[in-house]
>>> print(open('start26.pdb').read())   # PDB, C-alpha atoms
ATOM      1  CA  MET X 103     -32.240 -10.815  13.641
ATOM      2  CA  PRO X 104     -31.880 -12.730  10.344
ATOM      3  CA  LYS X 105     -32.072 -16.477  10.874
ATOM      4  CA  HIS X 106     -28.945 -17.141   8.828
ATOM      5  CA  LEU X 107     -26.730 -14.899  10.963
ATOM      6  CA  VAL X 108     -24.722 -16.957  13.475
ATOM      7  CA  LEU X 109     -23.005 -15.172  16.359
ATOM      8  CA  PRO X 110     -20.344 -16.579  18.673
ATOM      9  CA  PRO X 111     -21.684 -17.576  22.094
ATOM     10  CA  GLY X 112     -21.710 -14.878  24.782
ATOM     11  CA  ARG X 113     -20.917 -15.288  28.463
ATOM     12  CA  ASN X 114     -24.461 -16.283  29.502
ATOM     13  CA  THR X 115     -24.633 -18.911  26.780
ATOM     14  CA  LEU X 116     -21.247 -20.283  27.822
ATOM     15  CA  ARG X 117     -22.426 -20.593  31.439
ATOM     16  CA  LYS X 118     -25.529 -22.535  30.320
ATOM     17  CA  LEU X 119     -23.428 -24.866  28.198
ATOM     18  CA  ALA X 120     -21.027 -25.431  31.064
ATOM     19  CA  SER X 121     -23.856 -26.246  33.456
ATOM     20  CA  LYS X 122     -25.018 -28.954  31.044
ATOM     21  CA  GLY X 123     -21.543 -30.394  30.671
ATOM     22  CA  LEU X 124     -21.213 -29.228  27.041
ATOM     23  CA  PRO X 125     -18.062 -27.767  25.414
ATOM     24  CA  THR X 126     -17.620 -24.070  26.079
ATOM     25  CA  THR X 127     -14.753 -23.247  23.701
ATOM     26  CA  ARG X 128     -15.475 -20.129  21.637
ATOM     27  CA  THR X 129     -15.192 -20.473  17.889
ATOM     28  CA  SER X 130     -12.328 -18.344  16.596
ATOM     29  CA  PHE X 131     -13.684 -16.560  13.542
ATOM     30  CA  ALA X 132     -10.292 -14.798  13.152
ATOM     31  CA  GLU X 133      -8.316 -17.977  12.549
ATOM     32  CA  PRO X 134      -8.495 -18.074   8.714
ATOM     33  CA  SER X 135      -7.455 -14.432   8.327
ATOM     34  CA  ALA X 136      -4.774 -14.858  10.995
ATOM     35  CA  LYS X 137      -3.396 -17.832   9.083
ATOM     36  CA  ILE X 138      -3.360 -15.831   5.864
ATOM     37  CA  ALA X 139      -1.608 -12.961   7.643
ATOM     38  CA  SER X 140       0.967 -15.399   9.000
ATOM     39  CA  VAL X 141       1.644 -16.818   5.525
ATOM     40  CA  GLY X 142       1.890 -13.315   4.098
ATOM     41  CA  GLU X 143       4.298 -12.167   6.784
ATOM     42  CA  THR X 144       6.477 -15.249   6.375
ATOM     43  CA  THR X 145       6.663 -14.771   2.619
ATOM     44  CA  TYR X 146       7.365 -11.072   3.062
ATOM     45  CA  ARG X 147      10.349 -11.904   5.262
ATOM     46  CA  ARG X 148      11.613 -14.503   2.780
ATOM     47  CA  VAL X 149      11.432 -12.151  -0.194
ATOM     48  CA  ARG X 150      12.953  -9.317   1.809
ATOM     49  CA  ALA X 151      15.809 -11.556   2.963
ATOM     50  CA  ASP X 152      16.446 -12.620  -0.634
ATOM     51  CA  ILE X 153      16.680  -8.969  -1.693
ATOM     52  CA  VAL X 154      18.888  -7.850   1.197
ATOM     53  CA  GLY X 155      21.049 -10.951   0.789
ATOM     54  CA  GLY X 156      21.555 -10.193  -2.900
ATOM     55  CA  ARG X 157      19.884 -13.411  -4.063
ATOM     56  CA  LEU X 158      17.269 -11.400  -5.955
ATOM     57  CA  VAL X 159      19.542  -9.236  -8.054
ATOM     58  CA  PRO X 160      19.306  -5.478  -8.717
ATOM     59  CA  GLY X 161      17.031  -4.729 -11.652
ATOM     60  CA  GLN X 162      15.506  -8.223 -11.725
ATOM     61  CA  LYS X 163      11.905  -8.349 -12.927
ATOM     62  CA  LEU X 164       9.583  -9.990 -10.429
ATOM     63  CA  THR X 165       6.854 -11.627 -12.487
ATOM     64  CA  LEU X 166       3.918 -12.538 -10.254
ATOM     65  CA  ASP X 167       3.322 -15.936 -11.855
ATOM     66  CA  ARG X 168       6.945 -16.948 -11.388
ATOM     67  CA  MET X 169       7.040 -15.521  -7.866
ATOM     68  CA  ARG X 170       3.950 -17.540  -6.990
ATOM     69  CA  ASP X 171       5.645 -20.742  -8.143
ATOM     70  CA  ALA X 172       8.931 -19.869  -6.440
ATOM     71  CA  TYR X 173       7.518 -18.831  -3.057
ATOM     72  CA  GLY X 174       4.329 -20.895  -2.976
ATOM     73  CA  THR X 175       2.093 -17.913  -2.236
ATOM     74  CA  ALA X 176      -1.074 -16.539  -3.813
ATOM     75  CA  ILE X 177      -0.682 -13.698  -6.297
ATOM     76  CA  SER X 178      -2.855 -11.392  -4.210
ATOM     77  CA  THR X 179      -0.574 -11.926  -1.214
ATOM     78  CA  LEU X 180       2.508 -11.389  -3.364
ATOM     79  CA  ARG X 181       1.145  -8.154  -4.791
ATOM     80  CA  GLU X 182       0.485  -6.850  -1.290
ATOM     81  CA  LEU X 183       3.927  -7.708   0.059
ATOM     82  CA  LEU X 184       5.708  -6.405  -3.044
ATOM     83  CA  ASN X 185       3.928  -3.074  -2.621
ATOM     84  CA  ARG X 186       5.057  -3.117   0.995
ATOM     85  CA  LEU X 187       8.658  -3.690  -0.087
ATOM     86  CA  ALA X 188       8.282  -0.921  -2.657
ATOM     87  CA  SER X 189       7.344   1.480   0.151
ATOM     88  CA  GLU X 190      10.637   0.515   1.818
ATOM     89  CA  GLY X 191      12.611   1.303  -1.324
ATOM     90  CA  LEU X 192      13.743  -2.274  -1.936
ATOM     91  CA  ILE X 193      11.481  -2.799  -4.959
ATOM     92  CA  LEU X 194      10.245  -0.541  -7.738
ATOM     93  CA  ALA X 195       6.536  -0.733  -8.552
ATOM     94  CA  GLU X 196       6.172  -0.012 -12.275
ATOM     95  CA  GLY X 197       2.407   0.142 -12.593
ATOM     96  CA  SER X 198       1.175  -2.111 -15.351
ATOM     97  CA  ARG X 199       4.724  -3.339 -15.973
ATOM     98  CA  GLY X 200       4.880  -5.013 -12.569
ATOM     99  CA  PHE X 201       7.704  -5.040 -10.043
ATOM    100  CA  GLU X 202      11.471  -4.869 -10.209
ATOM    101  CA  VAL X 203      14.220  -5.192  -7.586
ATOM    102  CA  ALA X 204      15.674  -1.759  -6.841
ATOM    103  CA  SER X 205      18.857  -0.967  -8.736
ATOM    104  CA  ILE X 206      22.143   0.018  -7.117
ATOM    105  CA  SER X 207      24.675   2.780  -7.741
ATOM    106  CA  PRO X 208      27.698   4.392  -6.064
ATOM    107  CA  ALA X 209      25.665   7.547  -5.420
ATOM    108  CA  ASN X 210      22.894   5.590  -3.718
ATOM    109  CA  LEU X 211      25.433   3.682  -1.627
ATOM    110  CA  ARG X 212      26.972   6.946  -0.421
ATOM    111  CA  GLU X 213      23.542   8.332   0.522
ATOM    112  CA  ILE X 214      22.688   5.199   2.502
ATOM    113  CA  ALA X 215      26.097   5.159   4.203
ATOM    114  CA  ASP X 216      25.807   8.846   5.164
ATOM    115  CA  MET X 217      22.374   8.254   6.670
ATOM    116  CA  ARG X 218      23.592   5.197   8.555
ATOM    117  CA  LEU X 219      26.512   7.199   9.959
ATOM    118  CA  LEU X 220      24.263  10.084  11.001
ATOM    119  CA  LEU X 221      21.812   7.814  12.820
ATOM    120  CA  GLU X 222      24.445   5.549  14.334
ATOM    121  CA  CYS X 223      26.573   8.366  15.744
ATOM    122  CA  GLN X 224      23.550   9.935  17.426
ATOM    123  CA  ALA X 225      22.480   6.584  18.844
ATOM    124  CA  LEU X 226      26.009   5.724  20.036
ATOM    125  CA  ARG X 227      26.206   8.771  22.259
ATOM    126  CA  SER X 228      22.810   8.167  23.853
ATOM    127  CA  SER X 229      23.472   4.456  24.255
ATOM    128  CA  PHE X 230      26.929   4.882  25.799
ATOM    129  CA  GLU X 231      25.578   7.440  28.263
ATOM    130  CA  SER X 232      22.562   5.358  29.283
ATOM    131  CA  GLY X 233      23.761   1.762  28.978
ATOM    132  CA  ASP X 234      23.728  -0.458  32.065
ATOM    133  CA  MET X 235      25.386  -3.780  32.888
ATOM    134  CA  ASP X 236      22.855  -5.705  30.821
ATOM    135  CA  TRP X 237      23.721  -3.522  27.843
ATOM    136  CA  GLU X 238      27.431  -4.181  28.365
ATOM    137  CA  GLY X 239      26.686  -7.899  28.445
ATOM    138  CA  ARG X 240      24.823  -7.703  25.129
ATOM    139  CA  VAL X 241      27.704  -5.817  23.525
ATOM    140  CA  VAL X 242      30.342  -8.275  24.781
ATOM    141  CA  ALA X 243      28.295 -11.311  23.702
ATOM    142  CA  ALA X 244      27.622  -9.859  20.237
ATOM    143  CA  HIS X 245      31.305  -9.017  19.748
ATOM    144  CA  HIS X 246      32.351 -12.528  20.804
ATOM    145  CA  LYS X 247      30.233 -14.115  18.062
ATOM    146  CA  LEU X 248      31.423 -11.596  15.478
ATOM    147  CA  ALA X 249      35.111 -11.906  16.383
ATOM    148  CA  SER X 250      34.975 -15.717  16.268
ATOM    149  CA  THR X 251      33.430 -15.640  12.798
ATOM    150  CA  GLU X 252      35.892 -12.999  11.576
ATOM    151  CA  ARG X 253      38.808 -15.157  12.655
ATOM    152  CA  ARG X 254      37.481 -18.001  10.514
ATOM    153  CA  MET X 255      36.932 -15.619   7.607
ATOM    154  CA  ALA X 256      40.491 -14.286   7.910
ATOM    155  CA  ALA X 257      41.776 -17.878   7.856
ATOM    156  CA  GLY X 258      40.071 -18.447   4.515
ATOM    157  CA  ASP X 259      36.801 -20.072   5.614
ATOM    158  CA  ARG X 260      34.056 -18.353   3.597
ATOM    159  CA  SER X 261      31.332 -20.897   4.343
ATOM    160  CA  LYS X 262      29.747 -18.732   7.064
ATOM    161  CA  LYS X 263      29.515 -15.459   5.163
ATOM    162  CA  GLU X 264      25.852 -14.895   5.998
ATOM    163  CA  ASP X 265      26.484 -15.704   9.661
ATOM    164  CA  TRP X 266      29.302 -13.163   9.639
ATOM    165  CA  ARG X 267      27.032 -10.458   8.251
ATOM    166  CA  ARG X 268      24.299 -11.327  10.749
ATOM    167  CA  TYR X 269      26.748 -11.105  13.659
ATOM    168  CA  ASP X 270      28.125  -7.845  12.285
ATOM    169  CA  ARG X 271      24.606  -6.429  12.254
ATOM    170  CA  GLU X 272      23.890  -7.715  15.763
ATOM    171  CA  PHE X 273      27.085  -6.141  17.140
ATOM    172  CA  HIS X 274      26.388  -2.705  15.704
ATOM    173  CA  GLN X 275      22.793  -2.896  16.901
ATOM    174  CA  ALA X 276      23.905  -3.975  20.375
ATOM    175  CA  LEU X 277      26.145  -0.903  20.599
ATOM    176  CA  ILE X 278      23.173   1.437  20.096
ATOM    177  CA  SER X 279      20.503  -0.687  21.799
ATOM    178  CA  ALA X 280      20.440   1.466  24.958
ATOM    179  CA  CYS X 281      19.830   4.746  23.119
ATOM    180  CA  GLY X 282      16.300   4.961  24.514
ATOM    181  CA  SER X 283      14.522   5.673  21.208
ATOM    182  CA  GLN X 284      12.647   2.901  19.442
ATOM    183  CA  VAL X 285      11.999   5.212  16.488
ATOM    184  CA  LEU X 286      15.743   5.764  16.109
ATOM    185  CA  LEU X 287      16.441   2.024  16.359
ATOM    186  CA  ASP X 288      13.766   1.151  13.777
ATOM    187  CA  THR X 289      14.971   3.821  11.352
ATOM    188  CA  HIS X 290      18.565   2.719  11.763
ATOM    189  CA  ALA X 291      17.598  -0.940  11.201
ATOM    190  CA  ALA X 292      15.864  -0.083   7.911
ATOM    191  CA  ILE X 293      18.855   1.907   6.662
ATOM    192  CA  TYR X 294      21.303  -0.734   7.858
ATOM    193  CA  ASP X 295      19.533  -3.417   5.805
ATOM    194  CA  LYS X 296      19.904  -1.296   2.667
ATOM    195  CA  TYR X 297      23.597  -0.862   3.490
ATOM    196  CA  LEU X 298      23.890  -4.597   4.172
ATOM    197  CA  ARG X 299      22.460  -5.311   0.735
ATOM    198  CA  TYR X 300      25.461  -3.587  -0.837
ATOM    199  CA  LEU X 301      27.848  -5.507   1.412
ATOM    200  CA  MET X 302      26.321  -8.831   0.399
ATOM    201  CA  ILE X 303      26.347  -8.002  -3.307
ATOM    202  CA  ALA X 304      29.950  -6.757  -3.206
ATOM    203  CA  ALA X 305      31.098  -9.551  -0.853
ATOM    204  CA  ALA X 306      33.128  -6.901   0.959
ATOM    205  CA  PHE X 307      35.337  -8.066   3.824
ATOM    206  CA  ARG X 308      38.084  -5.679   4.905
ATOM    207  CA  GLY X 309      39.935  -8.259   6.939
ATOM    208  CA  ASP X 310      42.238  -7.064   9.715
ATOM    209  CA  ALA X 311      41.090  -3.448   9.442
ATOM    210  CA  ALA X 312      37.467  -4.331  10.188
ATOM    211  CA  VAL X 313      38.482  -6.729  12.977
ATOM    212  CA  ARG X 314      40.569  -4.017  14.614
ATOM    213  CA  GLU X 315      37.785  -1.436  14.365
ATOM    214  CA  HIS X 316      35.272  -3.809  15.928
ATOM    215  CA  SER X 317      37.657  -4.461  18.835
ATOM    216  CA  GLU X 318      38.101  -0.712  19.296
ATOM    217  CA  LEU X 319      34.348  -0.182  19.358
ATOM    218  CA  LEU X 320      34.024  -2.826  22.083
ATOM    219  CA  ALA X 321      36.711  -1.133  24.186
ATOM    220  CA  PHE X 322      35.130   2.295  23.695
ATOM    221  CA  ALA X 323      31.738   0.929  24.710
ATOM    222  CA  LEU X 324      33.054  -0.521  27.958
ATOM    223  CA  SER X 325      34.861   2.755  28.755
ATOM    224  CA  ARG X 326      31.817   4.817  27.618
ATOM    225  CA  ASP X 327      33.987   6.836  25.219
ATOM    226  CA  TRP X 328      31.324   7.781  22.669
ATOM    227  CA  GLN X 329      33.463  10.416  20.932
ATOM    228  CA  SER X 330      36.118   7.856  19.974
ATOM    229  CA  ALA X 331      33.414   5.359  19.033
ATOM    230  CA  GLN X 332      31.869   7.889  16.664
ATOM    231  CA  ALA X 333      35.247   8.537  15.016
ATOM    232  CA  THR X 334      35.944   4.816  14.594
ATOM    233  CA  THR X 335      32.450   4.239  13.207
ATOM    234  CA  ALA X 336      33.003   6.965  10.614
ATOM    235  CA  THR X 337      36.249   5.330   9.509
ATOM    236  CA  HIS X 338      34.630   1.896   9.554
ATOM    237  CA  ILE X 339      31.788   2.934   7.245
ATOM    238  CA  ASN X 340      33.629   5.337   4.936
ATOM    239  CA  ASP X 341      36.530   2.969   4.261
ATOM    240  CA  CYS X 342      34.153   0.128   3.463
ATOM    241  CA  VAL X 343      32.201   2.325   1.032
ATOM    242  CA  ALA X 344      35.434   3.433  -0.639
ATOM    243  CA  GLN X 345      36.502  -0.201  -1.038
ATOM    244  CA  MET X 346      33.206  -1.270  -2.598
ATOM    245  CA  ILE X 347      33.205   1.602  -5.069
ATOM    246  CA  SER X 348      36.884   1.349  -6.008
ATOM    247  CA  ARG X 349      36.674  -2.399  -6.651
ATOM    248  CA  GLY X 350      33.930  -2.573  -9.182
ATOM    249  CA  LEU X 351      30.567  -1.349  -7.889
ATOM    250  CA  ALA X 352      29.048  -0.823 -11.302
ATOM    251  CA  VAL X 353      26.379   1.442 -12.676
ATOM    252  CA  ALA X 354      22.898   0.786 -11.296
ATOM    253  CA  GLY X 355      21.273  -2.369 -12.582
ATOM    254  CA  THR X 356      24.408  -4.060 -13.929
ATOM    255  CA  VAL X 357      25.470  -5.954 -10.822
ATOM    256  CA  ARG X 358      24.843  -9.638 -10.363
ATOM    257  CA  ALA X 359      24.771 -11.012  -6.847
ATOM    258  CA  CYS X 360      26.112 -14.300  -5.562
ATOM    259  CA  GLY X 361      24.002 -17.311  -6.491
ATOM    260  CA  PRO X 362      20.919 -17.907  -4.350
ATOM    261  CA  ALA X 363      20.904 -20.522  -1.635
ATOM    262  CA  PRO X 364      19.343 -23.799  -2.823
ATOM    263  CA  GLU X 365      16.518 -23.540  -0.270
ATOM    264  CA  SER X 366      15.537 -19.956  -1.092
ATOM    265  CA  GLY X 367      12.634 -18.714  -3.161
ATOM    266  CA  ALA X 368      15.203 -16.827  -5.212
ATOM    267  CA  HIS X 369      16.823 -20.139  -6.155
ATOM    268  CA  ARG X 370      13.503 -21.520  -7.388
ATOM    269  CA  LEU X 371      12.871 -18.271  -9.258
ATOM    270  CA  SER X 372      16.303 -18.596 -10.858
ATOM    271  CA  THR X 373      15.497 -22.173 -11.891
ATOM    272  CA  LEU X 374      12.252 -21.060 -13.484
ATOM    273  CA  ARG X 375      14.086 -18.277 -15.313
ATOM    274  CA  LYS X 376      16.539 -20.817 -16.765
ATOM    275  CA  ARG X 377      13.667 -22.906 -18.027
ATOM    276  CA  ARG X 378      11.994 -19.890 -19.651
ATOM    277  CA  PRO X 379      14.837 -17.430 -20.294
ATOM    278  CA  THR X 380      12.769 -14.758 -22.005
ATOM    279  CA  ALA X 381      10.729 -13.828 -18.948
ATOM    280  CA  LEU X 382      13.443 -12.532 -16.584
ATOM    281  CA  HIS X 383      16.458 -10.758 -18.043
ATOM    282  CA  ALA X 384      19.970 -11.570 -16.877
ATOM    283  CA  HIS X 385      22.552  -9.113 -15.579
ATOM    284  CA  ALA X 386      26.287  -8.946 -16.029
ATOM    285  CA  LYS X 387      28.055 -10.639 -13.125
ATOM    286  CA  MET X 388      30.138  -8.361 -10.962
ATOM    287  CA  GLU X 389      33.611  -9.566 -10.103
ATOM    288  CA  GLU X 390      33.610 -10.503  -6.418
ATOM    289  CA  VAL X 391      35.585  -8.124  -4.224
ATOM    290  CA  PRO X 392      38.805  -9.838  -3.099
ATOM    291  CA  ASN X 393      39.056 -10.365   0.614
ATOM    292  CA  GLU X 394      41.888  -8.624   2.370
TER     293      GLU X 394
END
>>> encode(input="start26.pdb", output="structure tokens")
Amino acid sequence: MPKHLVLPPGRNTLRKLASKGLPTTRTSFAEPSAKIASVGETTYRRVRADIVGGRLVPGQKLTLDRMRDAYGTAISTLRELLNRLASEGLILAEGSRGFEVASISPANLREIADMRLLLECQALRSSFESGDMDWEGRVVAAHHKLASTERRMAAGDRSKKEDWRRYDREFHQALISACGSQVLLDTHAAIYDKYLRYLMIAAAFRGDAAVREHSELLAFALSRDWQSAQATTATHINDCVAQMISRGLAVAGTVRACGPAPESGAHRLSTLRKRRPTALHAHAKMEEVPNE
């Protein structure tokens, strides 16, 4: 064995060390890579959240140097996570030209909504047929948080918009959580996030109609009426899509999202863009959808 090769202590060595009163803790040679993986995963979630939340706008160029400064992550890590997001359809990888946030369009929104409806209706039936008391508890708890936030939204308080969207997501996921298929749940979650991206960009809130539909879905869940739940879900999704399209969802790449949160990497990226305006092009700002 080469003299320079150092191996971690085995069991016999550990016993000898212990018998002599010496430390027996194994050296973790995986720690540096684990730390890097943790940083990469955290940054991936931050960038993904900024895209889904509309803080990184459709069509925005993602220059690696600026992304590094904005998110505090090495370029190699950024390139890896951006390729990962490209495989999810949230980013376009343009070869030598770099990366760009995926554009939006009415046609794409309809495709995503149709897929969400297909998956959700299948999962609703299985979940309603298999759900137990714990499932009912999850549904009731998720609806309570959503309904409380919707009441504040209806009263004119828009300060908790992201909480409202998170609770909306949690309620719909709770409804299908007992479907018995992790593959179905994972696929639905990926599609839902793409649908949520449109909701955040359009700032769509249907007011009393959405509140009523959510209450109906809760009642149907507790009575295990999956047929009525499917019908209400179809109305819930299709009417929201129609509202977004009819109130200004523009041609792909021309929509500007709400301003990024001050703490987000997207905010720092926006600040850098203002300092050097030629690097990242701006987009026309979409008129925010009025709340009903």
>>> closest_residue(input="start26.pdb", among="X:Ser348, X:Thr179, X:Gln275, X:Ser232", to="His290 in chain X", atoms="only C-alpha atoms")
X:Gln275
>>> residues_around(input="start26.pdb", residues="Leu286 in chain X", least_positions_apart="6", cutoff="12 Å", atoms="only C-alpha atoms", output="ChimeraX atom specification")
/X:217-218,220-226,228-229,275,278-280,292-294
>>> residues_around(input="start26.pdb", residues="range 244-258 of chain X", least_positions_apart="4", cutoff="7 Å", atoms="all atoms listed in the file", output="JSON, numbers by chain")
{"X": [240, 266, 269, 270, 272, 273, 276, 309, 313]}
>>> closest_residue(input="start26.pdb", among="X:Asp167, X:Asp152, X:Phe307, X:Trp328", to="Gln345 in chain X", atoms="only C-alpha atoms")
X:Phe307
>>> closest_residue(input="start26.pdb", among="X:Ala291, X:Leu184, X:Leu277, X:Val285", to="Tyr146 in chain X", atoms="only C-alpha atoms")
X:Leu184
>>> axis_aligned_box(input="start26.pdb", around="range 304-315 of chain X", padding_each_side="8 Å", output="JSON")
{"center_x": 36.1, "center_y": -5.5, "center_z": 5.7, "size_x": 28.3, "size_y": 24.1, "size_z": 33.8}
>>> atom_distance(input="start26.pdb", atom1="CA of Asp265 in chain X", atom2="CA of Lys296 in chain X")
17.3 Å
>>> atom_distance(input="start26.pdb", atom1="CA of Val203 in chain X", atom2="CA of Ala306 in chain X")
20.8 Å
